[in-house]
file data.cif (mmCIF, C-alpha atoms)
data_target
#
loop_
_atom_site.label_atom_id
_atom_site.label_comp_id
_atom_site.auth_asym_id
_atom_site.auth_seq_id
_atom_site.Cartn_x
_atom_site.Cartn_y
_atom_site.Cartn_z
CA MET S 1 -41.88 -11.40 36.49
CA ILE S 2 -43.94 -13.96 38.42
CA TYR S 3 -47.14 -12.36 37.09
CA ARG S 4 -45.88 -12.52 33.50
CA LEU S 5 -44.86 -16.16 33.88
CA LEU S 6 -48.26 -16.99 35.35
CA CYS S 7 -50.02 -15.29 32.44
CA LEU S 8 -47.84 -17.18 29.96
CA PHE S 9 -48.62 -20.46 31.75
CA LEU S 10 -52.35 -19.76 31.71
CA LEU S 11 -52.26 -18.81 28.02
CA THR S 12 -50.32 -21.96 27.16
CA ALA S 13 -52.70 -24.12 29.19
CA THR S 14 -55.72 -22.49 27.56
CA GLN S 15 -54.29 -23.08 24.08
CA ALA S 16 -53.48 -26.69 24.91
CA THR S 17 -57.05 -27.29 26.10
CA ALA S 18 -58.45 -25.62 23.00
CA ILE S 19 -56.24 -27.66 20.68
CA GLU S 20 -57.30 -30.91 22.35
CA SER S 21 -60.99 -30.05 21.98
CA CYS S 22 -61.03 -30.14 18.17
CA HIS S 23 -58.63 -31.34 15.52
CA GLY S 24 -58.75 -33.08 12.15
CA ASP S 25 -62.18 -34.66 11.61
CA THR S 26 -63.50 -33.17 14.87
CA ALA S 27 -64.80 -29.69 14.09
CA CYS S 28 -64.13 -26.52 16.09
CA GLN S 29 -67.22 -24.48 16.88
CA VAL S 30 -67.54 -20.75 16.15
CA GLY S 31 -70.99 -19.65 17.24
CA ASP S 32 -73.45 -21.81 15.34
CA ARG S 33 -70.91 -22.66 12.62
CA SER S 34 -67.70 -24.68 12.50
CA TYR S 35 -64.34 -25.34 10.88
CA HIS S 36 -61.60 -27.96 10.85
CA VAL S 37 -57.92 -27.54 11.64
CA LEU S 38 -54.86 -29.72 11.04
CA GLU S 39 -51.39 -29.20 12.52
CA PRO S 40 -48.23 -29.77 10.45
CA ASP S 41 -46.04 -32.79 11.04
CA GLY S 42 -43.34 -32.36 13.67
CA TRP S 43 -44.63 -29.08 15.10
CA ASP S 44 -43.03 -28.36 18.49
CA GLY S 45 -46.22 -26.94 19.98
CA LYS S 46 -44.91 -23.40 20.45
CA THR S 47 -43.35 -22.03 17.23
CA PRO S 48 -45.73 -19.58 15.50
CA LEU S 49 -47.33 -21.22 12.47
CA PRO S 50 -48.08 -19.90 8.98
CA VAL S 51 -51.77 -20.52 8.19
CA LEU S 52 -53.48 -21.75 5.03
CA MET S 53 -57.24 -21.18 5.20
CA HIS S 54 -58.74 -23.29 2.43
CA PHE S 55 -62.40 -23.13 1.34
CA HIS S 56 -63.80 -26.49 0.20
CA GLY S 57 -65.59 -27.11 -3.08
CA TRP S 58 -69.36 -27.34 -3.62
CA ALA S 59 -71.14 -30.18 -1.76
CA ARG S 60 -68.06 -30.82 0.38
CA GLN S 61 -67.02 -29.92 3.93
CA GLY S 62 -63.79 -29.19 5.77
CA THR S 63 -63.27 -32.87 6.55
CA VAL S 64 -62.44 -33.39 2.86
CA VAL S 65 -59.82 -30.63 3.00
CA VAL S 66 -57.97 -31.89 6.09
CA ASN S 67 -57.76 -35.37 4.53
CA HIS S 68 -56.92 -34.27 0.97
CA GLU S 69 -53.50 -35.33 -0.30
CA ARG S 70 -53.05 -32.26 -2.51
CA ILE S 71 -54.04 -29.83 0.27
CA ALA S 72 -53.32 -31.35 3.68
CA GLY S 73 -50.47 -33.35 2.18
CA ALA S 74 -48.83 -30.05 1.24
CA THR S 75 -49.35 -28.19 4.53
CA LYS S 76 -48.30 -31.07 6.80
CA LEU S 77 -44.85 -31.26 5.20
CA ARG S 78 -44.23 -27.50 5.19
CA GLY S 79 -44.92 -26.44 8.76
CA VAL S 80 -48.22 -24.79 7.85
CA LEU S 81 -51.42 -24.91 9.90
CA LEU S 82 -54.37 -25.91 7.70
CA VAL S 83 -57.74 -24.32 8.46
CA ALA S 84 -60.88 -25.50 6.63
CA PRO S 85 -64.15 -23.61 7.28
CA ASN S 86 -67.47 -25.41 6.74
CA GLY S 87 -69.86 -23.73 4.33
CA LEU S 88 -73.57 -23.51 5.11
CA ARG S 89 -75.44 -26.28 3.27
CA LYS S 90 -72.02 -27.37 1.96
CA THR S 91 -71.61 -24.33 -0.28
CA TRP S 92 -70.43 -20.71 -0.24
CA ASP S 93 -72.12 -17.37 -0.88
CA PHE S 94 -69.49 -15.60 -2.98
CA TRP S 95 -71.71 -14.03 -5.64
CA THR S 96 -71.82 -10.51 -4.19
CA SER S 97 -70.15 -8.48 -1.45
CA ASP S 98 -73.30 -8.86 0.65
CA THR S 99 -72.35 -12.21 2.17
CA SER S 100 -72.02 -13.37 5.75
CA ASP S 101 -69.35 -15.90 4.77
CA VAL S 102 -66.59 -13.26 4.79
CA GLY S 103 -67.38 -12.30 8.39
CA PHE S 104 -67.55 -15.98 9.30
CA ALA S 105 -64.08 -16.56 7.83
CA ASP S 106 -62.75 -13.62 9.86
CA ASP S 107 -64.27 -15.19 12.98
CA VAL S 108 -62.60 -18.49 12.12
CA LEU S 109 -59.17 -16.87 11.90
CA ASP S 110 -59.77 -15.05 15.19
CA ASP S 111 -60.69 -18.35 16.83
CA VAL S 112 -57.65 -20.11 15.37
CA ALA S 113 -55.43 -17.40 16.87
CA LYS S 114 -56.89 -18.21 20.31
CA ARG S 115 -56.05 -21.87 19.91
CA TYR S 116 -52.64 -21.67 18.22
CA PRO S 117 -49.65 -19.34 18.08
CA ILE S 118 -49.89 -18.14 14.49
CA ASP S 119 -47.70 -15.92 12.33
CA PRO S 120 -49.94 -12.98 11.35
CA GLN S 121 -47.59 -12.04 8.50
CA ARG S 122 -48.02 -15.42 6.81
CA ILE S 123 -51.75 -16.01 6.48
CA TYR S 124 -52.62 -17.53 3.11
CA VAL S 125 -56.15 -17.94 1.75
CA SER S 126 -56.98 -20.67 -0.71
CA GLY S 127 -59.89 -22.61 -2.16
CA TYR S 128 -60.97 -24.92 -4.96
CA SER S 129 -63.91 -24.50 -7.37
CA TYR S 130 -66.73 -22.75 -5.45
CA GLY S 131 -64.16 -22.54 -2.67
CA GLY S 132 -61.75 -20.82 -5.06
CA ALA S 133 -64.42 -18.23 -5.79
CA MET S 134 -65.00 -17.84 -2.03
CA ALA S 135 -61.27 -17.31 -1.52
CA TRP S 136 -61.41 -14.53 -4.13
CA ARG S 137 -64.44 -13.00 -2.41
CA TYR S 138 -62.69 -13.10 0.97
CA ALA S 139 -59.53 -11.52 -0.44
CA CYS S 140 -61.64 -8.87 -2.15
CA GLN S 141 -63.61 -7.89 0.96
CA SER S 142 -61.19 -8.64 3.83
CA GLY S 143 -57.79 -9.36 2.30
CA ASN S 144 -55.61 -6.53 3.60
CA ASP S 145 -54.08 -8.80 6.25
CA THR S 146 -53.66 -11.73 3.87
CA ALA S 147 -50.15 -12.54 2.62
CA ALA S 148 -51.36 -14.33 -0.50
CA LEU S 149 -54.43 -15.62 -2.31
CA LEU S 150 -53.92 -19.13 -3.72
CA ALA S 151 -56.98 -19.86 -5.85
CA VAL S 152 -57.75 -23.01 -7.81
CA ALA S 153 -60.32 -23.14 -10.63
CA GLY S 154 -62.71 -20.55 -9.28
CA SER S 155 -63.03 -16.75 -9.18
CA ILE S 156 -65.45 -13.84 -9.09
CA ARG S 157 -66.30 -11.42 -11.91
CA GLN S 158 -63.20 -9.61 -13.16
CA THR S 159 -65.18 -6.34 -13.33
CA GLU S 160 -65.87 -6.22 -9.58
CA HIS S 161 -64.51 -3.50 -7.30
CA CYS S 162 -62.47 -4.84 -4.40
CA PRO S 163 -62.03 -2.53 -1.40
CA GLU S 164 -59.23 -4.73 -0.03
CA ALA S 165 -56.49 -6.93 -1.47
CA PRO S 166 -53.88 -9.48 -0.38
CA ARG S 167 -50.18 -8.73 -0.78
CA GLU S 168 -49.89 -11.29 -3.57
CA VAL S 169 -52.19 -13.30 -5.84
CA ARG S 170 -51.60 -16.75 -7.34
CA HIS S 171 -54.25 -18.43 -9.48
CA VAL S 172 -54.38 -21.69 -11.44
CA HIS S 173 -57.05 -22.71 -13.97
CA GLY S 174 -57.52 -25.37 -16.63
CA LEU S 175 -58.06 -24.17 -20.18
CA LYS S 176 -60.66 -26.92 -20.72
CA ASP S 177 -62.49 -26.35 -17.45
CA THR S 178 -66.25 -26.50 -18.13
CA VAL S 179 -67.38 -26.65 -14.46
CA MET S 180 -66.06 -23.23 -13.47
CA ASP S 181 -65.39 -22.18 -17.05
CA PHE S 182 -61.98 -20.77 -17.87
CA PRO S 183 -62.62 -17.01 -18.15
CA TYR S 184 -61.14 -16.20 -21.54
CA GLY S 185 -60.77 -12.53 -22.36
CA ALA S 186 -61.21 -10.71 -25.67
CA ASP S 187 -59.76 -12.57 -28.66
CA GLY S 188 -59.10 -15.62 -26.50
CA ASP S 189 -56.86 -13.79 -24.01
CA THR S 190 -55.68 -16.40 -21.49
CA THR S 191 -54.44 -13.81 -18.98
CA TYR S 192 -57.95 -12.52 -18.27
CA PRO S 193 -58.52 -14.78 -15.20
CA VAL S 194 -56.47 -12.33 -13.10
CA ALA S 195 -57.53 -9.07 -14.80
CA LEU S 196 -59.19 -7.80 -11.60
CA TRP S 197 -55.99 -8.02 -9.55
CA ARG S 198 -53.79 -6.68 -12.34
CA ALA S 199 -55.99 -3.59 -12.42
CA LYS S 200 -56.16 -3.34 -8.62
CA TYR S 201 -52.36 -3.51 -8.32
CA ASP S 202 -51.76 -1.31 -11.38
CA CYS S 203 -49.71 -3.97 -13.16
CA HIS S 204 -48.50 -3.54 -16.71
CA ASP S 205 -46.30 -6.00 -18.59
CA ALA S 206 -46.69 -9.76 -18.30
CA THR S 207 -43.52 -11.83 -17.94
CA PRO S 208 -43.72 -15.40 -19.26
CA ARG S 209 -41.94 -17.82 -16.92
CA GLY S 210 -42.26 -20.89 -19.11
CA ASP S 211 -43.56 -24.37 -18.41
CA TRP S 212 -43.20 -26.38 -15.22
CA SER S 213 -44.50 -29.65 -13.84
CA VAL S 214 -44.17 -31.93 -10.84
CA VAL S 215 -45.77 -35.01 -12.41
CA PRO S 216 -45.26 -36.20 -16.00
CA ILE S 217 -48.97 -36.19 -16.84
CA LEU S 218 -49.48 -32.42 -16.47
CA THR S 219 -47.54 -29.35 -17.64
CA LEU S 220 -48.42 -25.88 -16.38
CA THR S 221 -47.54 -22.59 -18.05
CA ARG S 222 -46.70 -19.60 -15.84
CA VAL S 223 -47.07 -15.86 -16.41
CA GLU S 224 -46.19 -13.23 -13.79
CA TRP S 225 -46.78 -9.52 -13.28
CA THR S 226 -44.07 -8.08 -11.03
CA ASP S 227 -44.00 -4.46 -12.26
CA CYS S 228 -47.10 -3.52 -10.25
CA ALA S 229 -47.46 -0.40 -8.13
CA GLN S 230 -48.33 -2.78 -5.29
CA GLY S 231 -48.36 -6.54 -4.94
CA GLN S 232 -47.71 -9.06 -7.68
CA VAL S 233 -49.75 -11.58 -9.65
CA THR S 234 -48.95 -15.11 -10.82
CA LEU S 235 -51.13 -17.11 -13.22
CA ASP S 236 -50.64 -20.81 -13.96
CA THR S 237 -52.68 -22.44 -16.70
CA HIS S 238 -52.83 -26.03 -17.87
CA PRO S 239 -54.55 -27.90 -20.73
CA GLY S 240 -56.84 -29.93 -18.45
CA GLY S 241 -60.19 -29.49 -16.79
CA HIS S 242 -61.56 -28.93 -13.29
CA PHE S 243 -59.18 -30.22 -10.62
CA ILE S 244 -56.43 -29.29 -8.17
CA PRO S 245 -53.15 -29.95 -10.02
CA HIS S 246 -50.69 -32.30 -8.33
CA GLY S 247 -48.16 -30.30 -6.32
CA TRP S 248 -49.60 -26.86 -7.12
CA ILE S 249 -50.46 -25.84 -3.55
CA GLY S 250 -47.18 -27.28 -2.25
CA ARG S 251 -45.12 -25.34 -4.79
CA GLN S 252 -46.87 -22.06 -3.99
CA LEU S 253 -46.23 -22.54 -0.27
CA ASP S 254 -42.59 -23.45 -0.92
CA GLU S 255 -42.06 -20.28 -2.95
CA LEU S 256 -43.90 -18.07 -0.46
CA LEU S 257 -42.00 -19.54 2.48
CA GLY S 258 -38.62 -19.24 0.74
CA ARG S 259 -38.17 -23.01 0.46
CA THR S 260 -36.71 -24.98 -2.42
CA PRO S 261 -39.75 -26.36 -4.28
CA THR S 262 -40.29 -30.06 -3.65
CA TYR S 263 -42.94 -32.67 -4.36
CA PRO S 264 -45.10 -33.73 -2.68
#

call {"tool": "encode", "arguments": {"input": "data.cif", "output": "structure tokens"}}
result
Amino acid sequence: MIYRLLCLFLLTATQATAIESCHGDTACQVGDRSYHVLEPDGWDGKTPLPVLMHFHGWARQGTVVVNHERIAGATKLRGVLLVAPNGLRKTWDFWTSDTSDVGFADDVLDDVAKRYPIDPQRIYVSGYSYGGAMAWRYACQSGNDTAALLAVAGSIRQTEHCPEAPREVRHVHGLKDTVMDFPYGADGDTTYPVALWRAKYDCHDATPRGDWSVVPILTLTRVEWTDCAQGQVTLDTHPGGHFIPHGWIGRQLDELLGRTPTYP
């Protein structure tokens, strides 16, 4: 018993030291690369935390993510630990499966688990724009332990083969996006942005869930696939361009965590 208590004390002390060494704008080092982390408001310092690993957009870094109202603002209020890896040269290599960024992201999550008590069943992977595409690439190559992919305005080719997959996929994209163009399918099919995962999960019939919004200036339209052999897919579209919709990340986390959706 004394030995177990000593081990627990040493582990807690090690985690406390690690947490103090990097937080928010101060990056955590993983080899020759780095990431940022932000704790949720009111965390008691010991309860295991759900994790949202969010990949930043092109020409950005993790400091933007941990200070972003629509990302960090959502995680802080929902008891979720926000993790924001830094891309090399402020970008991501998501174009093919031959990328070191997937292994780097795995290393980041391993390092986070040394610093914080995390809930391994509630690890969510997200990203915006180029970061959205990187989140897709990560889920495709190393997603078996991921609870959900939450991608914003970025993806990989829908014809790719993915050896792994998260338990659930949620994607949002603007119909007028001309930065990471909305991937229309044949005859203007607006469900094509998630064709890869529908095929991977062996989904069949789409179920329209209607319109929803959290701010008056933007209405999103939702379609779900819940009749899949494994997993499920949710697609939100909106009539705008290239941005993270107000409240979108927060609503996804609320639904995944079994909370009543709120805004912000």

call {"tool": "resolve_selection", "arguments": {"input": "data.cif", "expression": "the PyMOL selection byres ((chain S and resi 217) around 12)", "output": "PyMOL selection string"}}
result
chain S and resi 212-216+218-220+238-240+245-246

call {"tool": "closest_atom_pairs", "arguments": {"input": "data.cif", "of": "segment 116-188 of chain S", "to": "segment 31-42 of chain S", "cutoff": "12 Å", "atoms": "only C-alpha atoms", "output": "CSV"}}
result
residue,atom,partner,partner_atom,distance
S:Tyr116,CA,S:Glu39,CA,9.5
S:Pro117,CA,S:Glu39,CA,11.5
S:Ile118,CA,S:Glu39,CA,11.3

call {"tool": "write_last_selection", "arguments": {"input": "data.cif", "atoms": "C-alpha atoms", "output": "mmCIF file, in the frame of the given file"}}
result
data_model
loop_
_atom_site.group_PDB
_atom_site.id
_atom_site.type_symbol
_atom_site.label_atom_id
_atom_site.label_comp_id
_atom_site.auth_asym_id
_atom_site.auth_seq_id
_atom_site.Cartn_x
_atom_site.Cartn_y
_atom_site.Cartn_z
ATOM 1 C CA TYR S 116 -52.640 -21.670 18.220
ATOM 2 C CA PRO S 117 -49.650 -19.340 18.080
ATOM 3 C CA ILE S 118 -49.890 -18.140 14.490
#

call {"tool": "residues_around", "arguments": {"input": "data.cif", "residues": "Asp227 of chain S", "least_positions_apart": "3", "cutoff": "12 Å", "atoms": "only C-alpha atoms", "output": "number ranges by chain"}}
result
S: 198, 201-207, 224, 230-234

call {"tool": "atom_distance", "arguments": {"input": "data.cif", "atom1": "atom CA of Trp92 of chain S", "atom2": "atom CA of Leu149 of chain S"}}
result
16.9 Å

call {"tool": "closest_residue", "arguments": {"input": "data.cif", "among": "S:Arg78, S:Lys200, S:Lys90, S:Arg167", "to": "Arg251 of chain S", "atoms": "only C-alpha atoms"}}
result
S:Arg78

call {"tool": "atom_distance", "arguments": {"input": "data.cif", "atom1": "atom CA of His173 of chain S", "atom2": "atom CA of Arg89 of chain S"}}
result
25.5 Å
